[in-house]
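J.: For reference, the file protein_17.tsv (TSV, C-alpha atoms) is included below:
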```tsv
chain	number	residue	atom	x	y	z
Q	1	MET	CA	0.00	0.00	0.00
Q	2	ALA	CA	1.42	3.39	-0.95
Q	3	SER	CA	2.24	5.91	1.77
Q	4	ALA	CA	-0.50	8.45	2.43
Q	5	GLY	CA	-0.04	11.66	0.49
Q	6	LEU	CA	2.52	10.24	-1.94
Q	7	PRO	CA	1.83	9.30	-5.57
Q	8	PRO	CA	2.17	5.50	-5.91
Q	9	LEU	CA	5.09	5.67	-8.37
Q	10	LEU	CA	7.06	8.43	-6.65
Q	11	PRO	CA	10.44	6.95	-5.60
Q	12	LYS	CA	11.31	7.26	-1.93
Q	13	ILE	CA	14.58	6.31	-0.27
Q	14	ASP	CA	15.80	5.98	3.30
Q	15	ALA	CA	19.41	7.16	2.92
Q	16	ILE	CA	22.07	8.37	0.51
Q	17	LEU	CA	25.68	7.58	1.38
Q	18	VAL	CA	29.03	8.40	-0.19
Q	19	LEU	CA	31.57	5.92	1.19
Q	20	ASP	CA	35.30	5.56	0.65
Q	21	GLY	CA	36.98	2.24	-0.08
Q	22	GLU	CA	37.12	1.34	3.62
Q	23	GLY	CA	33.44	2.05	4.14
Q	24	ASN	CA	33.91	5.38	5.92
Q	25	ARG	CA	31.11	7.86	5.32
Q	26	LEU	CA	32.44	10.95	3.53
Q	27	ALA	CA	29.01	12.49	2.97
Q	28	GLY	CA	25.42	11.40	3.18
Q	29	LYS	CA	21.98	11.88	4.63
Q	30	TYR	CA	19.47	9.66	6.40
Q	31	PHE	CA	15.78	10.38	5.93
Q	32	GLY	CA	12.70	9.78	8.03
Q	33	ASP	CA	13.02	7.40	10.99
Q	34	PHE	CA	15.60	5.14	9.37
Q	35	MET	CA	18.48	4.43	11.77
Q	36	LYS	CA	16.99	6.68	14.45
Q	37	THR	CA	15.69	3.73	16.45
Q	38	PRO	CA	16.76	0.05	16.68
Q	39	THR	CA	15.37	-2.13	13.91
Q	40	ALA	CA	13.06	-5.07	14.48
Q	41	ALA	CA	15.77	-7.34	13.06
Q	42	ASP	CA	18.17	-6.22	15.80
Q	43	ALA	CA	15.67	-6.97	18.54
Q	44	ALA	CA	14.74	-10.38	17.09
Q	45	ALA	CA	18.37	-11.39	16.69
Q	46	GLY	CA	19.55	-10.46	20.16
Q	47	GLY	CA	16.55	-10.87	22.44
Q	48	GLU	CA	15.41	-8.47	25.15
Q	49	ALA	CA	18.86	-7.85	26.65
Q	50	ALA	CA	20.37	-7.02	23.27
Q	51	ASP	CA	17.36	-4.84	22.44
Q	52	ASN	CA	17.83	-2.79	25.64
Q	53	ALA	CA	21.53	-2.36	24.91
Q	54	THR	CA	20.82	-1.29	21.34
Q	55	LYS	CA	18.28	1.29	22.47
Q	56	ALA	CA	20.99	2.90	24.56
Q	57	GLN	CA	23.13	3.48	21.50
Q	58	SER	CA	23.21	6.90	19.96
Q	59	VAL	CA	21.87	7.55	16.49
Q	60	GLU	CA	25.41	7.90	15.16
Q	61	GLN	CA	26.39	4.53	16.66
Q	62	LEU	CA	23.39	2.90	15.00
Q	63	ARG	CA	24.33	4.42	11.66
Q	64	SER	CA	27.98	3.45	12.01
Q	65	SER	CA	26.96	-0.12	12.80
Q	66	PHE	CA	24.72	-0.22	9.75
Q	67	GLU	CA	27.48	1.16	7.54
Q	68	ARG	CA	29.92	-1.49	8.82
Q	69	GLN	CA	27.44	-4.23	7.90
Q	70	LEU	CA	26.96	-2.60	4.52
Q	71	GLN	CA	30.72	-2.45	3.94
Q	72	SER	CA	31.07	-6.13	4.81
Q	73	LYS	CA	28.84	-6.92	1.83
Q	74	ILE	CA	30.07	-4.41	-0.76
Q	75	GLY	CA	33.78	-4.15	0.15
Q	76	GLY	CA	36.02	-5.22	-2.71
Q	77	ILE	CA	33.21	-4.99	-5.27
Q	78	GLY	CA	33.41	-2.45	-8.07
Q	79	ALA	CA	30.19	-1.44	-9.83
Q	80	ARG	CA	30.34	0.28	-13.20
Q	81	PRO	CA	28.62	3.68	-13.48
Q	82	ASP	CA	25.93	2.16	-15.69
Q	83	ALA	CA	25.56	-1.17	-13.87
Q	84	ALA	CA	24.62	-0.74	-10.22
Q	85	GLU	CA	25.01	-3.65	-7.81
Q	86	VAL	CA	22.37	-4.69	-5.25
Q	87	VAL	CA	22.73	-6.12	-1.74
Q	88	THR	CA	20.38	-6.49	1.22
Q	89	VAL	CA	21.31	-5.16	4.67
Q	90	LEU	CA	18.98	-5.50	7.67
Q	91	GLY	CA	16.05	-6.01	5.37
Q	92	LYS	CA	16.81	-2.86	3.38
Q	93	THR	CA	17.73	-2.79	-0.30
Q	94	ALA	CA	21.12	-1.17	-0.89
Q	95	VAL	CA	22.06	-0.26	-4.46
Q	96	PHE	CA	25.50	1.18	-5.20
Q	97	VAL	CA	27.78	2.38	-7.98
Q	98	GLY	CA	31.53	2.94	-7.86
Q	99	GLY	CA	34.32	1.38	-5.89
Q	100	SER	CA	37.24	-0.66	-7.16
Q	101	PRO	CA	37.55	-4.45	-7.41
Q	102	ALA	CA	39.68	-6.17	-4.79
Q	103	GLY	CA	43.37	-6.16	-5.66
Q	104	ASN	CA	43.19	-3.10	-7.90
Q	105	GLY	CA	46.28	-0.99	-7.24
Q	106	SER	CA	44.77	2.29	-8.43
Q	107	PRO	CA	43.18	4.78	-5.98
Q	108	ALA	CA	39.77	3.46	-4.99
Q	109	ASP	CA	36.75	5.31	-6.28
Q	110	VAL	CA	34.12	6.22	-3.74
Q	111	ARG	CA	30.82	4.35	-3.71
Q	112	VAL	CA	27.49	6.13	-3.98
Q	113	VAL	CA	24.85	4.10	-2.16
Q	114	HIS	CA	21.07	4.47	-2.11
Q	115	ILE	CA	19.18	2.67	0.65
Q	116	GLY	CA	15.56	1.90	-0.16
Q	117	PRO	CA	12.64	0.26	1.64
Q	118	PRO	CA	12.13	-3.47	1.02
Q	119	GLY	CA	9.25	-2.89	-1.41
Q	120	GLU	CA	11.09	-0.42	-3.66
Q	121	SER	CA	12.06	-1.64	-7.12
Q	122	GLU	CA	15.74	-2.49	-7.53
Q	123	LEU	CA	15.61	-1.15	-11.09
Q	124	VAL	CA	14.26	2.18	-9.87
Q	125	LEU	CA	16.93	2.44	-7.18
Q	126	ALA	CA	19.61	1.56	-9.73
Q	127	HIS	CA	18.40	4.33	-12.03
Q	128	LEU	CA	18.53	6.83	-9.15
Q	129	VAL	CA	22.03	5.96	-7.97
Q	130	GLU	CA	23.45	5.86	-11.50
Q	131	GLY	CA	22.10	9.36	-12.16
Q	132	MET	CA	23.64	10.76	-9.00
Q	133	TYR	CA	26.98	9.07	-9.68
Q	134	GLU	CA	27.04	10.51	-13.20
Q	135	ALA	CA	26.50	14.00	-11.78
Q	136	LEU	CA	29.17	13.44	-9.12
Q	137	SER	CA	31.68	12.34	-11.74
Q	138	GLN	CA	30.99	15.44	-13.84
Q	139	LEU	CA	31.34	17.75	-10.85
Q	140	MET	CA	34.63	16.12	-9.85
Q	141	GLY	CA	36.04	16.20	-13.38
Q	142	GLY	CA	35.94	12.41	-13.62
Q	143	ALA	CA	38.11	11.87	-10.51
Q	144	THR	CA	35.87	10.29	-7.86
Q	145	ASP	CA	38.55	9.25	-5.39
Q	146	ARG	CA	38.45	9.99	-1.67
Q	147	ASN	CA	40.70	13.05	-1.73
Q	148	MET	CA	38.75	14.72	-4.52
Q	149	ILE	CA	35.47	14.20	-2.65
Q	150	LEU	CA	36.90	15.59	0.60
Q	151	ASP	CA	38.22	18.65	-1.22
Q	152	ASN	CA	34.75	19.34	-2.67
Q	153	LEU	CA	32.37	18.31	0.10
Q	154	GLU	CA	30.27	21.44	-0.33
Q	155	LEU	CA	29.43	20.43	-3.91
Q	156	VAL	CA	28.70	16.86	-2.80
Q	157	PHE	CA	26.16	17.97	-0.19
Q	158	LEU	CA	24.61	20.38	-2.69
Q	159	LEU	CA	24.28	17.45	-5.08
Q	160	ILE	CA	22.47	15.37	-2.46
Q	161	ASP	CA	20.07	18.26	-1.79
Q	162	GLU	CA	19.35	18.75	-5.50
Q	163	HIS	CA	18.84	15.00	-5.96
Q	164	CYS	CA	16.63	14.29	-2.95
Q	165	ASP	CA	14.59	16.20	-0.37
Q	166	GLY	CA	13.36	14.40	2.73
Q	167	GLY	CA	13.69	11.03	1.01
Q	168	ILE	CA	11.71	12.16	-2.06
Q	169	ILE	CA	13.64	12.12	-5.33
Q	170	LEU	CA	13.65	15.47	-7.13
Q	171	GLU	CA	15.89	14.86	-10.16
Q	172	THR	CA	17.67	11.85	-11.65
Q	173	ASP	CA	19.32	13.15	-14.83
Q	174	GLY	CA	23.07	13.47	-14.28
Q	175	HIS	CA	23.57	16.48	-16.58
Q	176	LYS	CA	20.68	18.41	-15.04
Q	177	LEU	CA	21.85	17.61	-11.51
Q	178	ALA	CA	25.41	18.79	-12.21
Q	179	SER	CA	24.15	22.01	-13.81
Q	180	SER	CA	21.77	22.70	-10.90
Q	181	VAL	CA	24.56	22.19	-8.37
Q	182	LEU	CA	26.94	24.55	-10.17
Q	183	LEU	CA	24.26	27.22	-10.57
Q	184	ARG	CA	23.31	26.99	-6.92
Q	185	ASP	CA	26.94	27.12	-5.84
Q	186	GLU	CA	27.47	30.18	-8.03
Q	187	GLN	CA	24.43	31.91	-6.53
Q	188	GLU	CA	25.65	31.25	-3.00
Q	189	THR	CA	29.13	32.49	-3.91
Q	190	ARG	CA	27.69	35.73	-5.29
Q	191	MET	CA	25.59	36.19	-2.16
Q	192	ASP	CA	28.69	35.71	0.00
Q	193	GLN	CA	30.64	38.18	-2.12
Q	194	GLY	CA	27.78	40.68	-1.86
Q	195	MET	CA	27.73	40.36	1.92
Q	196	ASP	CA	31.51	40.83	2.05
Q	197	GLY	CA	31.19	43.95	-0.11
Q	198	GLN	CA	28.52	45.40	2.17
Q	199	MET	CA	30.67	44.72	5.22
Q	200	GLY	CA	33.67	46.35	3.52
Q	201	GLY	CA	31.58	49.39	2.64
Q	202	ALA	CA	30.43	49.69	6.25
Q	203	GLY	CA	34.03	49.68	7.47
Q	204	GLY	CA	34.64	53.33	6.69
Q	205	GLY	CA	35.65	53.19	3.01
Q	206	GLN	CA	39.08	51.75	3.58
Q	207	VAL	CA	39.37	50.76	-0.09
Q	208	PRO	CA	39.58	53.90	-2.25
Q	209	SER	CA	37.49	54.10	-5.41
Q	210	GLN	CA	40.61	54.52	-7.55
Q	211	GLY	CA	41.98	51.22	-6.28
Q	212	MET	CA	38.71	49.49	-7.11
Q	213	GLY	CA	38.84	50.88	-10.63
Q	214	MET	CA	42.34	49.51	-11.08
Q	215	GLY	CA	41.18	46.11	-9.81
Q	216	MET	CA	38.39	45.91	-12.37
Q	217	GLY	CA	39.99	47.39	-15.43
Q	218	GLY	CA	43.74	47.75	-14.99
Q	219	MET	CA	44.93	44.36	-13.77
Q	220	GLY	CA	46.55	43.46	-17.10
Q	221	GLY	CA	44.65	40.14	-17.33
Q	222	ASP	CA	45.28	39.00	-13.75
Q	223	MET	CA	42.33	37.46	-11.88
Q	224	THR	CA	41.62	36.77	-8.26
Q	225	ILE	CA	41.01	33.18	-7.15
Q	226	GLY	CA	37.30	33.88	-6.80
Q	227	GLN	CA	37.11	35.27	-10.34
Q	228	ALA	CA	39.02	32.28	-11.71
Q	229	LEU	CA	36.66	29.84	-9.97
Q	230	MET	CA	33.65	31.75	-11.28
Q	231	GLN	CA	35.01	31.59	-14.83
Q	232	ALA	CA	35.64	27.85	-14.49
Q	233	ARG	CA	32.09	27.24	-13.24
Q	234	ASN	CA	30.62	29.23	-16.12
Q	235	GLN	CA	32.67	27.23	-18.62
Q	236	ILE	CA	31.50	23.90	-17.13
Q	237	ILE	CA	27.87	25.07	-17.20
Q	238	SER	CA	28.29	26.13	-20.83
Q	239	ASN	CA	29.79	22.76	-21.75
Q	240	LEU	CA	26.99	20.86	-20.00
Q	241	SER	CA	24.30	22.87	-21.78
Q	242	GLN	CA	25.84	22.01	-25.15
Q	243	THR	CA	25.89	18.25	-24.54
```
Take the structure from the file and write it as structure tokens.

T.:
Amino acid sequence: MASAGLPPLLPKIDAILVLDGEGNRLAGKYFGDFMKTPTAADAAAGGEAADNATKAQSVEQLRSSFERQLQSKIGGIGARPDAAEVVTVLGKTAVFVGGSPAGNGSPADVRVVHIGPPGESELVLAHLVEGMYEALSQLMGGATDRNMILDNLELVFLLIDEHCDGGIILETDGHKLASSVLLRDEQETRMDQGMDGQMGGAGGGQVPSQGMGMGMGGMGGDMTIGQALMQARNQIISNLSQT
């Protein structure tokens, strides 16, 4: 039976995780009540004493325990960007893309994992995770290793927000997701720059107008880091719109 208030075919997921090769969570979000309370499987497996001990665990401990069990099933498995793999963990369907096969000497790609309720279609979940991984790869310039993700965590969390809100999927197309993330990041950057400019103006006019004119028109082609990043974002957005 479909959840009240939700269209019957609207995909819904319980969690999105970005894990490194060792199963450590680099980014992610849990939705609804998933991993906020002990599962029925935990209570049935350990009896009343184990159930009481599990209830005393914090939410983060519950999530870490779940992620360790997940890693025990997906560790050493590499899933192609267009061929998601499926496992079951504590009665939940986990679909993932990325990672490197065991014994591969190259830097391990991160894994993007979508956790869905037992009744959700594996094909639907695979479509969702493949779309997010495609967007992640575009945003990272094709390098989806641990260091690249950690250096760009802000973009990764923006991607999760553009992809899913409260467990409800908003967008699945990789190109559209990447473009939305870059546009949103650019808007937030401009807002921050505007706030900095207002604060500088309120500081008593310490930067003379002549100096500002030189910075805009007489720099001989030099750019600040912020301007260079803005130009790079615009170029990526332009390339995505042409594909």

J.: Extract, using only C-alpha atoms, all DNA, RNA and protein residues at most 7 Å from His163 in chain Q, discarding same-chain residues fewer than 5 positions from it, and format them as a PDB file with C-alpha atoms, in the coordinates of the input.

T.:
```
ATOM      1  CA  ILE Q 169      13.640  12.120  -5.330  1.00  0.00           C
ATOM      2  CA  LEU Q 170      13.650  15.470  -7.130  1.00  0.00           C
ATOM      3  CA  GLU Q 171      15.890  14.860 -10.160  1.00  0.00           C
ATOM      4  CA  THR Q 172      17.670  11.850 -11.650  1.00  0.00           C
ATOM      5  CA  LEU Q 177      21.850  17.610 -11.510  1.00  0.00           C
TER       6      LEU Q 177
END
```

J.: Which distance in Å separates CA of Ala94 in chain Q and CA of Ile74 in chain Q, to one decimal?

T.: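 Between CA of Ala94 in chain Q and CA of Ile74 in chain Q the gap works out to 9.5 Å.
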
J.: Go through range 86-192 of chain Q residue by residue and, counting all atoms listed in the file, keep those with an atom at most 8 Å from range 13-31 of chain Q; for each kept residue give the shortest atom pair and its distance in Å to one decimal, ordered by chain and increasing number, as CSV.

T.:
```
residue,atom,partner,partner_atom,distance
Q:Gly99,CA,Q:Gly21,CA,6.4
Q:Ser100,CA,Q:Gly21,CA,7.7
Q:Ala108,CA,Q:Gly21,CA,5.8
Q:Asp109,CA,Q:Gly21,CA,6.9
Q:Val110,CA,Q:Asp20,CA,4.6
Q:Arg111,CA,Q:Leu19,CA,5.2
Q:Val112,CA,Q:Val18,CA,4.7
Q:Val113,CA,Q:Leu17,CA,5.0
Q:His114,CA,Q:Ile16,CA,4.8
Q:Ile115,CA,Q:Ala15,CA,5.0
Q:Gly116,CA,Q:Ile13,CA,4.5
Q:Pro117,CA,Q:Ile13,CA,6.6
Q:Asp145,CA,Q:Asp20,CA,7.8
Q:Arg146,CA,Q:Asp20,CA,5.9
Q:Ile149,CA,Q:Leu26,CA,7.6
Q:Leu150,CA,Q:Leu26,CA,7.1
Q:Leu153,CA,Q:Ala27,CA,7.3
Q:Val156,CA,Q:Ala27,CA,7.2
Q:Phe157,CA,Q:Ala27,CA,6.9
Q:Ile160,CA,Q:Gly28,CA,7.5
Q:Gly166,CA,Q:Phe31,CA,5.7
Q:Gly167,CA,Q:Ile13,CA,5.0
Q:Ile168,CA,Q:Ile13,CA,6.8
Q:Ile169,CA,Q:Ile13,CA,7.8
```

J.: Here is a test: counting all atoms listed in the file, which residue of Q:Gly119, Q:Gly174, Q:Glu162, Q:Glu154 is nearest to Met132 in chain Q?

T.: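 Under the stated criterion, the closest residue is Q:Gly174.
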
J.: Just the residues within 8 Å of range 79-81 of chain Q, please, counting only C-alpha atoms, with nothing from its chain fewer than 6 positions along; format it as a PyMOL selection string.

T.: chain Q and resi 96-100+130+133-134

J.: Ranking Q:Leu159, Q:Met35, Q:Met140, Q:Cys164 by minimum distance to Lys92 in chain Q and counting all atoms listed in the file, which one comes first?

T.: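 When distances to Lys92 in chain Q are compared using all atoms listed in the file, the smallest one comes from Q:Met35.
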
J.: Padding 6 Å on each side, edges along x, y and z: where is the centre of the box around the listed atoms of range 130-143 of chain Q, and how long are its edges in Å to one decimal? Output it as lines of an AutoDock Vina configuration file.

T.:
```
center_x = 30.1
center_y = 11.8
center_z = -11.4
size_x = 28.0
size_y = 23.9
size_z = 16.8
```

J.: Please, what distance in Å, to one decimal, runs between CA of Ser137 in chain Q and CA of Glu186 in chain Q?

T.: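 CA of Ser137 in chain Q sits 18.7 Å away from CA of Glu186 in chain Q.
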
J.: For Pro118 in chain Q, which residue among Q:Leu155, Q:Val89, Q:Ala143, Q:Val181 is the nearest when counting all atoms listed in the file?

T.: Q:Val89

J.: Between CA of Phe66 in chain Q and CA of Leu90 in chain Q, what distance in Å does the model show, to one decimal?

T.: 8.1 Å
